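So this one's final07.cif, mmCIF, C-alpha atoms:
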```cif
data_work
loop_
_atom_site.label_atom_id
_atom_site.label_comp_id
_atom_site.auth_asym_id
_atom_site.auth_seq_id
_atom_site.Cartn_x
_atom_site.Cartn_y
_atom_site.Cartn_z
CA MET A 1 119.20 130.14 93.86
CA ARG A 2 122.33 132.24 93.14
CA VAL A 3 121.98 134.92 90.47
CA ASP A 4 125.15 135.76 88.52
CA ALA A 5 125.46 139.28 87.22
CA ALA A 6 126.98 140.15 83.86
CA PRO A 7 128.10 143.42 82.24
CA ALA A 8 125.41 145.12 80.21
CA ARG A 9 127.49 145.03 77.01
CA SER A 10 128.91 141.53 77.38
CA ALA A 11 128.25 138.71 74.97
CA GLN A 12 125.03 136.79 75.29
CA PRO A 13 125.20 134.46 78.32
CA TYR A 14 124.99 130.74 78.04
CA LEU A 15 121.48 129.35 78.30
CA GLY A 16 120.18 128.35 81.70
CA GLU A 17 121.76 131.23 83.62
CA MET A 18 119.83 134.20 85.03
CA VAL A 19 121.63 137.43 84.25
CA ASP A 20 121.10 140.85 85.80
CA ARG A 21 120.85 143.04 82.72
CA SER A 22 118.24 145.06 80.90
CA GLU A 23 119.01 144.20 77.29
CA GLU A 24 115.94 142.86 75.55
CA MET A 25 115.83 139.98 73.15
CA VAL A 26 114.57 141.43 69.92
CA SER A 27 113.22 138.51 67.95
CA LEU A 28 110.43 136.01 68.48
CA SER A 29 112.71 133.06 67.81
CA ALA A 30 115.26 134.35 70.33
CA ASN A 31 112.59 134.61 73.00
CA LEU A 32 111.27 131.12 72.33
CA LEU A 33 114.79 129.69 72.41
CA ALA A 34 115.42 131.57 75.65
CA VAL A 35 112.39 129.96 77.30
CA VAL A 36 113.71 126.54 76.25
CA GLY A 37 117.16 127.50 77.50
CA TYR A 38 115.73 128.42 80.89
CA ARG A 39 113.89 125.12 81.19
CA GLU A 40 115.70 124.36 84.47
CA LEU A 41 114.28 127.55 85.95
CA LEU A 42 110.86 126.61 84.60
CA LYS A 43 111.11 123.17 86.18
CA HIS A 44 112.19 124.61 89.53
CA LEU A 45 109.30 127.08 89.54
CA VAL A 46 106.77 124.30 88.94
CA LEU A 47 108.32 122.02 91.56
CA LYS A 48 108.49 124.90 94.04
CA GLU A 49 104.77 125.58 93.66
CA LEU A 50 103.94 121.89 94.08
CA LYS A 51 106.07 121.66 97.23
CA LEU A 52 104.62 124.86 98.68
CA LYS A 53 101.08 123.70 98.01
CA TYR A 54 101.49 120.49 99.98
CA ARG A 55 104.13 121.57 102.50
CA GLY A 56 103.08 120.75 106.05
CA SER A 57 100.01 118.88 104.84
CA VAL A 58 99.30 115.47 106.33
CA PHE A 59 97.44 114.17 103.27
CA GLY A 60 99.51 116.01 100.64
CA PHE A 61 98.38 115.31 97.07
CA LEU A 62 95.13 113.76 98.28
CA TRP A 63 93.77 117.27 98.84
CA SER A 64 93.87 117.81 95.06
CA LEU A 65 91.33 115.00 94.75
CA VAL A 66 88.88 116.62 97.14
CA ASN A 67 87.69 119.43 94.87
CA PRO A 68 86.79 117.33 91.79
CA LEU A 69 85.37 114.62 94.04
CA LEU A 70 83.19 117.13 95.88
CA MET A 71 81.97 118.64 92.60
CA ILE A 72 81.12 115.19 91.29
CA VAL A 73 79.12 114.37 94.40
CA VAL A 74 77.24 117.69 94.31
CA TYR A 75 76.39 117.49 90.61
CA THR A 76 75.44 113.83 90.89
CA LEU A 77 73.01 114.59 93.69
CA ALA A 78 71.62 117.60 91.82
CA PHE A 79 71.18 116.03 88.40
CA THR A 80 70.50 112.40 89.32
CA TYR A 81 68.39 112.63 92.47
CA ILE A 82 66.85 116.11 92.25
CA LEU A 83 66.46 116.73 88.52
CA ARG A 84 66.27 112.96 87.96
CA ILE A 85 68.50 112.77 84.91
CA ARG A 86 69.00 109.06 84.26
CA THR A 87 72.03 109.17 81.99
CA GLU A 88 73.92 105.91 82.38
CA GLY A 89 77.43 106.47 83.77
CA PHE A 90 76.67 110.13 84.42
CA VAL A 91 79.40 110.47 87.07
CA PHE A 92 82.03 109.26 84.60
CA PHE A 93 80.72 111.63 81.93
CA LEU A 94 80.79 114.49 84.44
CA LEU A 95 84.30 113.68 85.60
CA LEU A 96 85.78 113.96 82.12
CA GLY A 97 84.52 117.50 81.76
CA ILE A 98 85.18 118.71 85.30
CA LEU A 99 88.82 117.65 85.37
CA ALA A 100 89.62 119.31 82.04
CA TRP A 101 87.65 122.43 82.99
CA THR A 102 89.35 122.74 86.39
CA PHE A 103 92.78 122.62 84.76
CA PHE A 104 91.86 125.40 82.33
CA ALA A 105 89.99 127.61 84.80
CA ASN A 106 92.63 127.40 87.53
CA SER A 107 95.44 128.03 85.04
CA THR A 108 93.87 131.17 83.58
CA MET A 109 92.85 132.59 86.95
CA MET A 110 96.30 132.05 88.43
CA SER A 111 97.94 133.46 85.29
CA THR A 112 96.35 136.85 85.99
CA GLY A 113 98.87 137.25 88.82
CA ALA A 114 101.87 135.75 87.04
CA ILE A 115 103.30 139.20 86.26
CA THR A 116 101.67 141.48 88.82
CA ASP A 117 102.53 139.23 91.78
CA ASN A 118 106.22 139.01 90.85
CA ALA A 119 107.16 142.68 90.72
CA GLY A 120 110.34 142.25 92.78
CA LEU A 121 111.64 139.47 90.56
CA LEU A 122 110.86 141.37 87.36
CA LYS A 123 112.75 144.46 88.51
CA SER A 124 115.81 142.70 89.88
CA VAL A 125 116.96 140.11 87.36
CA PHE A 126 116.67 139.29 83.68
CA PHE A 127 115.03 136.11 82.42
CA PRO A 128 112.32 135.38 79.81
CA ARG A 129 109.20 136.77 81.47
CA ALA A 130 107.02 134.25 79.63
CA ILE A 131 108.35 131.61 82.00
CA LEU A 132 106.10 132.96 84.78
CA PRO A 133 102.68 132.33 83.15
CA VAL A 134 103.97 129.14 81.49
CA ALA A 135 105.10 127.82 84.89
CA THR A 136 101.64 128.59 86.27
CA VAL A 137 99.97 126.55 83.53
CA LEU A 138 102.41 123.65 83.93
CA PHE A 139 101.85 123.64 87.70
CA ASN A 140 98.12 123.15 87.16
CA PHE A 141 98.82 120.67 84.37
CA ALA A 142 100.89 118.55 86.76
CA GLN A 143 97.96 118.49 89.20
CA TYR A 144 95.57 117.60 86.39
CA LEU A 145 97.74 114.66 85.33
CA LEU A 146 98.06 113.39 88.89
CA THR A 147 94.32 113.64 89.45
CA ALA A 148 93.42 112.07 86.09
CA ALA A 149 95.88 109.23 86.73
CA VAL A 150 93.80 108.33 89.79
CA PHE A 151 90.24 109.00 88.63
CA LEU A 152 90.29 107.79 85.01
CA PRO A 153 91.42 104.19 85.72
CA LEU A 154 89.06 104.10 88.71
CA MET A 155 86.06 105.22 86.65
CA LEU A 156 86.94 102.90 83.75
CA ALA A 157 87.06 99.96 86.14
CA LEU A 158 83.98 101.01 88.13
CA TYR A 159 81.78 101.41 85.06
CA ARG A 160 83.40 98.47 83.27
CA VAL A 161 84.43 100.57 80.28
CA PRO A 162 86.76 98.49 78.11
CA PRO A 163 89.83 100.12 76.50
CA SER A 164 89.27 101.25 72.93
CA GLY A 165 91.26 102.70 70.06
CA PRO A 166 89.92 106.29 70.33
CA MET A 167 91.35 106.58 73.87
CA LEU A 168 94.83 106.60 72.32
CA LEU A 169 94.08 110.13 71.07
CA PHE A 170 93.93 111.47 74.63
CA PRO A 171 97.58 112.73 74.63
CA VAL A 172 96.97 114.50 71.30
CA PHE A 173 93.95 116.49 72.48
CA LEU A 174 95.60 117.03 75.84
CA SER A 175 98.57 118.62 74.05
CA LEU A 176 96.20 120.86 72.11
CA GLN A 177 94.49 121.90 75.34
CA VAL A 178 97.84 122.69 76.98
CA ALA A 179 98.81 124.85 73.99
CA PHE A 180 95.46 126.64 74.16
CA THR A 181 95.77 127.15 77.92
CA VAL A 182 99.34 128.48 77.67
CA GLY A 183 98.18 130.98 75.04
CA ALA A 184 95.25 132.05 77.22
CA GLY A 185 97.59 132.38 80.21
CA LEU A 186 99.94 134.64 78.26
CA VAL A 187 97.02 136.81 77.15
CA VAL A 188 95.46 137.28 80.60
CA SER A 189 98.82 137.79 82.35
CA THR A 190 99.67 140.56 79.87
CA ALA A 191 96.25 142.19 80.10
CA THR A 192 96.23 142.11 83.92
CA ALA A 193 99.60 143.88 84.06
CA PHE A 194 97.91 146.93 82.50
CA PHE A 195 94.30 146.51 83.64
CA ARG A 196 93.78 144.98 87.08
CA ASP A 197 90.05 144.59 86.43
CA VAL A 198 90.82 141.71 84.06
CA ARG A 199 90.98 139.36 87.06
CA HIS A 200 87.40 140.19 88.05
CA LEU A 201 86.12 140.13 84.47
CA LEU A 202 87.71 136.73 83.99
CA GLU A 203 85.84 135.34 87.00
CA ILE A 204 82.55 136.37 85.39
CA GLY A 205 83.63 135.11 81.98
CA LEU A 206 84.58 131.69 83.33
CA ALA A 207 81.24 131.39 85.14
CA VAL A 208 79.42 132.04 81.86
CA MET A 209 81.74 129.81 79.85
CA PHE A 210 81.16 126.89 82.21
CA TRP A 211 77.50 126.75 81.26
CA THR A 212 78.19 127.23 77.55
CA THR A 213 80.47 124.17 77.68
CA PRO A 214 78.86 120.69 77.62
CA ILE A 215 80.11 119.53 81.01
CA VAL A 216 76.92 118.86 82.96
CA TYR A 217 74.90 118.09 79.83
CA GLU A 218 75.50 116.18 76.61
CA LEU A 219 76.04 118.05 73.37
CA ASN A 220 73.37 115.95 71.66
CA MET A 221 70.85 117.31 74.18
CA VAL A 222 71.33 120.81 72.77
CA PRO A 223 68.86 121.93 70.05
CA ASP A 224 70.30 121.70 66.56
CA SER A 225 70.26 125.48 66.11
CA MET A 226 72.45 125.97 69.20
CA ARG A 227 74.78 123.00 68.80
CA LEU A 228 77.43 124.78 66.71
CA PRO A 229 77.56 127.89 68.94
CA ILE A 230 77.99 125.62 71.99
CA LEU A 231 80.74 123.67 70.23
CA LEU A 232 82.48 126.99 69.44
CA SER A 233 82.73 127.84 73.14
CA PRO A 234 86.52 127.83 73.77
CA MET A 235 86.70 124.74 75.98
CA SER A 236 83.93 122.76 74.24
CA PRO A 237 85.98 120.99 71.52
CA PHE A 238 88.48 119.64 74.06
CA ILE A 239 85.88 118.42 76.54
CA VAL A 240 83.65 116.98 73.83
CA ALA A 241 86.69 115.15 72.45
CA TYR A 242 87.41 113.59 75.86
CA GLN A 243 83.77 112.57 76.24
CA THR A 244 83.73 111.11 72.73
CA MET A 245 86.91 109.09 73.29
CA PHE A 246 86.23 107.76 76.80
CA TYR A 247 82.46 107.86 77.36
CA TYR A 248 81.18 107.04 73.87
CA ARG A 249 84.41 105.23 72.82
CA GLU A 250 84.21 106.81 69.37
CA TRP A 251 86.64 108.79 67.21
CA PRO A 252 86.19 112.60 67.38
CA ASP A 253 84.76 113.94 64.15
CA THR A 254 86.46 116.37 61.78
CA MET A 255 84.69 119.43 63.18
CA ILE A 256 86.03 118.78 66.69
CA TRP A 257 89.55 118.34 65.31
CA LEU A 258 89.38 121.57 63.32
CA ILE A 259 87.98 123.71 66.14
CA ALA A 260 90.35 122.32 68.78
CA SER A 261 93.39 122.76 66.52
CA ALA A 262 92.33 126.28 65.55
CA TYR A 263 91.83 127.37 69.16
CA ALA A 264 95.17 125.86 70.20
CA GLY A 265 97.18 127.36 67.35
CA VAL A 266 95.57 130.81 67.17
CA THR A 267 95.47 131.35 70.94
CA LEU A 268 99.08 130.27 71.42
CA VAL A 269 100.38 132.50 68.62
CA LEU A 270 98.24 135.43 69.82
CA GLY A 271 99.41 134.95 73.40
CA VAL A 272 103.09 134.81 72.47
CA TRP A 273 102.83 137.85 70.19
CA LEU A 274 100.90 139.93 72.72
CA PHE A 275 103.18 138.99 75.61
CA LEU A 276 106.39 139.79 73.72
CA SER A 277 104.93 143.05 72.41
CA PHE A 278 104.44 144.41 75.93
CA GLU A 279 107.13 142.52 77.83
CA GLU A 280 109.49 145.50 78.11
CA ARG A 281 106.80 147.58 79.85
CA PHE A 282 105.92 145.09 82.60
CA ALA A 283 108.41 146.50 85.11
CA GLU A 284 106.82 149.95 84.77
CA GLN A 285 103.32 148.64 85.35
CA VAL A 286 103.94 146.50 88.43
#
```

Produce structure tokens that represent the structure in this file.
Amino acid sequence: MRVDAAPARSAQPYLGEMVDRSEEMVSLSANLLAVVGYRELLKHLVLKELKLKYRGSVFGFLWSLVNPLLMIVVYTLAFTYILRIRTEGFVFFLLLGILAWTFFANSTMMSTGAITDNAGLLKSVFFPRAILPVATVLFNFAQYLLTAAVFLPLMLALYRVPPSGPMLLFPVFLSLQVAFTVGAGLVVSTATAFFRDVRHLLEIGLAVMFWTTPIVYELNMVPDSMRLPILLSPMSPFIVAYQTMFYYREWPDTMIWLIASAYAGVTLVLGVWLFLSFEERFAEQV
């Protein structure tokens, strides 16, 4: 990609062009508009990561199916044949949670390096820095969609689950999860630029969060006194919503809507504010 330079005091460049200058955009709205204006760069970053991931691979995208498939097999053996949990359609139930969790966990872990691993780019050209963690989330989102497009129809057909009205809400909760994940990615990418230990702390935090999220167990199995705290675990409202729509074929209740919307909105706003507050200092830290 060719990078065109511009004088430091020149007028603002047209959107979509990377400019070698150090002037900072001063308002939140200007930064958000800049990210939209650089959508071609964002698209190219996502496509580049997808091409690099599968370049030279014989099976290509099929490798993305291996990890969730392996996890499903392992958990099915553990919970069905060892612990002897006889939940009907347990593999389908498990799949709904694992796919959503993998998207979130991979996005946040990879976002820790969105700034620190791109020091050369940050110091050489100007562009909205938020594009880097956002591109990381969208890269994992693309893989999630590709994987879900294969597994969901397969599981629905295998377990003879008929289509139902609540399933139409899937894009809505998926959008909320993307907003939440983008916000989390902005937070961890900013924090890691100043404190490298965040990457290691996040690994521990995700391990704990996995078991406080109803992925390998049903929420109604949790004692009443612990049900609300489990539902307040960051990823719980999204995964419970998917399970409610596809596994139980019911409409998510008001509490799930409120918690999911709150996490999405608050985390996204917090992430954007935190990222923009420290954006000008990234080059010094990396």

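Here CA of Leu83 in chain A and CA of Val150 in chain A stand 28.6 Å from one another.
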
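Among the candidate residues A:Gln243, A:Val188, A:Asp224, A:Asn140, the one lying nearest to Leu201 in chain A is A:Val188, with distances computed using all atoms listed in the file.
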
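Considering all atoms listed in the file, the residue among A:Ala179, A:Leu158, A:Met245, A:Leu274 positioned nearest to Ala191 in chain A is A:Leu274.
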
Item to check | One-decimal distance in Å that lies between CA of Leu132 in chain A and CA of Glu49 in chain A | outcome: 11.6 Å

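The interatomic distance for the pair CA of Trp251 in chain A and CA of Leu169 in chain A works out to 8.5 Å.
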
Next on the checklist: Which residues, named as in the file, does the PyMOL selection byres ((chain A and resi 264) around 9) pick out? Answer as a PyMOL selection string.
Outcome noted: chain A and resi 175-183+259-263+265-269

Checklist outcome for this item: One residue among A:Tyr144, A:Tyr159, A:Tyr248, A:Tyr217 is nearest to Asn67 in chain A when using all atoms listed in the file, and that residue is A:Tyr144

Using the partial input, fill out range 235-268 of chain A with N, CA and C atoms; write the result as a PDB file, in the coordinates of the input.
```pdb
ATOM      1  N   MET A 235      86.295 126.019  75.413  1.00  0.00           N
ATOM      2  CA  MET A 235      86.700 124.740  75.980  1.00  0.00           C
ATOM      3  C   MET A 235      85.889 123.559  75.451  1.00  0.00           C
ATOM      4  N   SER A 236      84.825 123.833  74.696  1.00  0.00           N
ATOM      5  CA  SER A 236      83.930 122.760  74.240  1.00  0.00           C
ATOM      6  C   SER A 236      84.621 121.693  73.390  1.00  0.00           C
ATOM      7  N   PRO A 237      85.419 122.061  72.366  1.00  0.00           N
ATOM      8  CA  PRO A 237      85.980 120.990  71.520  1.00  0.00           C
ATOM      9  C   PRO A 237      86.879 120.031  72.283  1.00  0.00           C
ATOM     10  N   PHE A 238      87.584 120.514  73.289  1.00  0.00           N
ATOM     11  CA  PHE A 238      88.480 119.640  74.060  1.00  0.00           C
ATOM     12  C   PHE A 238      87.667 118.690  74.944  1.00  0.00           C
ATOM     13  N   ILE A 239      86.683 119.245  75.640  1.00  0.00           N
ATOM     14  CA  ILE A 239      85.880 118.420  76.540  1.00  0.00           C
ATOM     15  C   ILE A 239      85.011 117.441  75.754  1.00  0.00           C
ATOM     16  N   VAL A 240      84.432 117.887  74.663  1.00  0.00           N
ATOM     17  CA  VAL A 240      83.650 116.980  73.830  1.00  0.00           C
ATOM     18  C   VAL A 240      84.532 115.858  73.282  1.00  0.00           C
ATOM     19  N   ALA A 241      85.759 116.177  72.941  1.00  0.00           N
ATOM     20  CA  ALA A 241      86.690 115.150  72.450  1.00  0.00           C
ATOM     21  C   ALA A 241      86.955 114.098  73.520  1.00  0.00           C
ATOM     22  N   TYR A 242      87.168 114.538  74.774  1.00  0.00           N
ATOM     23  CA  TYR A 242      87.410 113.590  75.860  1.00  0.00           C
ATOM     24  C   TYR A 242      86.169 112.712  76.096  1.00  0.00           C
ATOM     25  N   GLN A 243      85.002 113.331  76.051  1.00  0.00           N
ATOM     26  CA  GLN A 243      83.770 112.570  76.240  1.00  0.00           C
ATOM     27  C   GLN A 243      83.564 111.565  75.104  1.00  0.00           C
ATOM     28  N   THR A 244      83.888 111.990  73.892  1.00  0.00           N
ATOM     29  CA  THR A 244      83.730 111.110  72.730  1.00  0.00           C
ATOM     30  C   THR A 244      84.671 109.915  72.828  1.00  0.00           C
ATOM     31  N   MET A 245      85.906 110.159  73.238  1.00  0.00           N
ATOM     32  CA  MET A 245      86.910 109.090  73.290  1.00  0.00           C
ATOM     33  C   MET A 245      86.646 108.104  74.431  1.00  0.00           C
ATOM     34  N   PHE A 246      86.327 108.622  75.620  1.00  0.00           N
ATOM     35  CA  PHE A 246      86.230 107.760  76.800  1.00  0.00           C
ATOM     36  C   PHE A 246      84.797 107.302  77.097  1.00  0.00           C
ATOM     37  N   TYR A 247      83.839 108.202  76.990  1.00  0.00           N
ATOM     38  CA  TYR A 247      82.460 107.860  77.360  1.00  0.00           C
ATOM     39  C   TYR A 247      81.745 107.114  76.229  1.00  0.00           C
ATOM     40  N   TYR A 248      81.841 107.680  75.007  1.00  0.00           N
ATOM     41  CA  TYR A 248      81.180 107.040  73.870  1.00  0.00           C
ATOM     42  C   TYR A 248      82.079 106.025  73.175  1.00  0.00           C
ATOM     43  N   ARG A 249      83.413 106.106  73.438  1.00  0.00           N
ATOM     44  CA  ARG A 249      84.410 105.230  72.820  1.00  0.00           C
ATOM     45  C   ARG A 249      84.336 105.312  71.298  1.00  0.00           C
ATOM     46  N   GLU A 250      84.260 106.560  70.810  1.00  0.00           N
ATOM     47  CA  GLU A 250      84.210 106.810  69.370  1.00  0.00           C
ATOM     48  C   GLU A 250      85.325 107.780  68.996  1.00  0.00           C
ATOM     49  N   TRP A 251      85.612 107.863  67.695  1.00  0.00           N
ATOM     50  CA  TRP A 251      86.640 108.790  67.210  1.00  0.00           C
ATOM     51  C   TRP A 251      86.034 110.183  67.069  1.00  0.00           C
ATOM     52  N   PRO A 252      86.696 111.229  67.560  1.00  0.00           N
ATOM     53  CA  PRO A 252      86.190 112.600  67.380  1.00  0.00           C
ATOM     54  C   PRO A 252      86.044 112.925  65.906  1.00  0.00           C
ATOM     55  N   ASP A 253      84.971 113.632  65.561  1.00  0.00           N
ATOM     56  CA  ASP A 253      84.760 113.940  64.150  1.00  0.00           C
ATOM     57  C   ASP A 253      85.633 115.104  63.697  1.00  0.00           C
ATOM     58  N   THR A 254      85.585 115.369  62.390  1.00  0.00           N
ATOM     59  CA  THR A 254      86.460 116.370  61.780  1.00  0.00           C
ATOM     60  C   THR A 254      86.242 117.762  62.360  1.00  0.00           C
ATOM     61  N   MET A 255      84.986 118.114  62.652  1.00  0.00           N
ATOM     62  CA  MET A 255      84.690 119.430  63.180  1.00  0.00           C
ATOM     63  C   MET A 255      85.382 119.662  64.526  1.00  0.00           C
ATOM     64  N   ILE A 256      85.367 118.658  65.384  1.00  0.00           N
ATOM     65  CA  ILE A 256      86.030 118.780  66.690  1.00  0.00           C
ATOM     66  C   ILE A 256      87.528 118.972  66.506  1.00  0.00           C
ATOM     67  N   TRP A 257      88.122 118.200  65.595  1.00  0.00           N
ATOM     68  CA  TRP A 257      89.550 118.340  65.310  1.00  0.00           C
ATOM     69  C   TRP A 257      89.884 119.756  64.838  1.00  0.00           C
ATOM     70  N   LEU A 258      89.092 120.254  63.896  1.00  0.00           N
ATOM     71  CA  LEU A 258      89.380 121.570  63.320  1.00  0.00           C
ATOM     72  C   LEU A 258      89.253 122.682  64.356  1.00  0.00           C
ATOM     73  N   ILE A 259      88.201 122.647  65.147  1.00  0.00           N
ATOM     74  CA  ILE A 259      87.980 123.710  66.140  1.00  0.00           C
ATOM     75  C   ILE A 259      89.048 123.653  67.230  1.00  0.00           C
ATOM     76  N   ALA A 260      89.343 122.454  67.728  1.00  0.00           N
ATOM     77  CA  ALA A 260      90.350 122.320  68.780  1.00  0.00           C
ATOM     78  C   ALA A 260      91.723 122.769  68.282  1.00  0.00           C
ATOM     79  N   SER A 261      92.090 122.366  67.077  1.00  0.00           N
ATOM     80  CA  SER A 261      93.390 122.760  66.520  1.00  0.00           C
ATOM     81  C   SER A 261      93.459 124.257  66.286  1.00  0.00           C
ATOM     82  N   ALA A 262      92.354 124.845  65.789  1.00  0.00           N
ATOM     83  CA  ALA A 262      92.330 126.280  65.550  1.00  0.00           C
ATOM     84  C   ALA A 262      92.468 127.072  66.841  1.00  0.00           C
ATOM     85  N   TYR A 263      91.733 126.675  67.875  1.00  0.00           N
ATOM     86  CA  TYR A 263      91.830 127.370  69.160  1.00  0.00           C
ATOM     87  C   TYR A 263      93.242 127.258  69.729  1.00  0.00           C
ATOM     88  N   ALA A 264      93.826 126.062  69.654  1.00  0.00           N
ATOM     89  CA  ALA A 264      95.170 125.860  70.200  1.00  0.00           C
ATOM     90  C   ALA A 264      96.200 126.714  69.460  1.00  0.00           C
ATOM     91  N   GLY A 265      96.186 126.639  68.132  1.00  0.00           N
ATOM     92  CA  GLY A 265      97.180 127.360  67.350  1.00  0.00           C
ATOM     93  C   GLY A 265      97.027 128.871  67.421  1.00  0.00           C
ATOM     94  N   VAL A 266      95.809 129.365  67.193  1.00  0.00           N
ATOM     95  CA  VAL A 266      95.570 130.810  67.170  1.00  0.00           C
ATOM     96  C   VAL A 266      95.812 131.433  68.542  1.00  0.00           C
ATOM     97  N   THR A 267      95.314 130.791  69.594  1.00  0.00           N
ATOM     98  CA  THR A 267      95.470 131.350  70.940  1.00  0.00           C
ATOM     99  C   THR A 267      96.921 131.368  71.365  1.00  0.00           C
ATOM    100  N   LEU A 268      97.673 130.308  71.053  1.00  0.00           N
ATOM    101  CA  LEU A 268      99.080 130.270  71.420  1.00  0.00           C
ATOM    102  C   LEU A 268      99.874 131.349  70.696  1.00  0.00           C
TER     103      LEU A 268
END
```
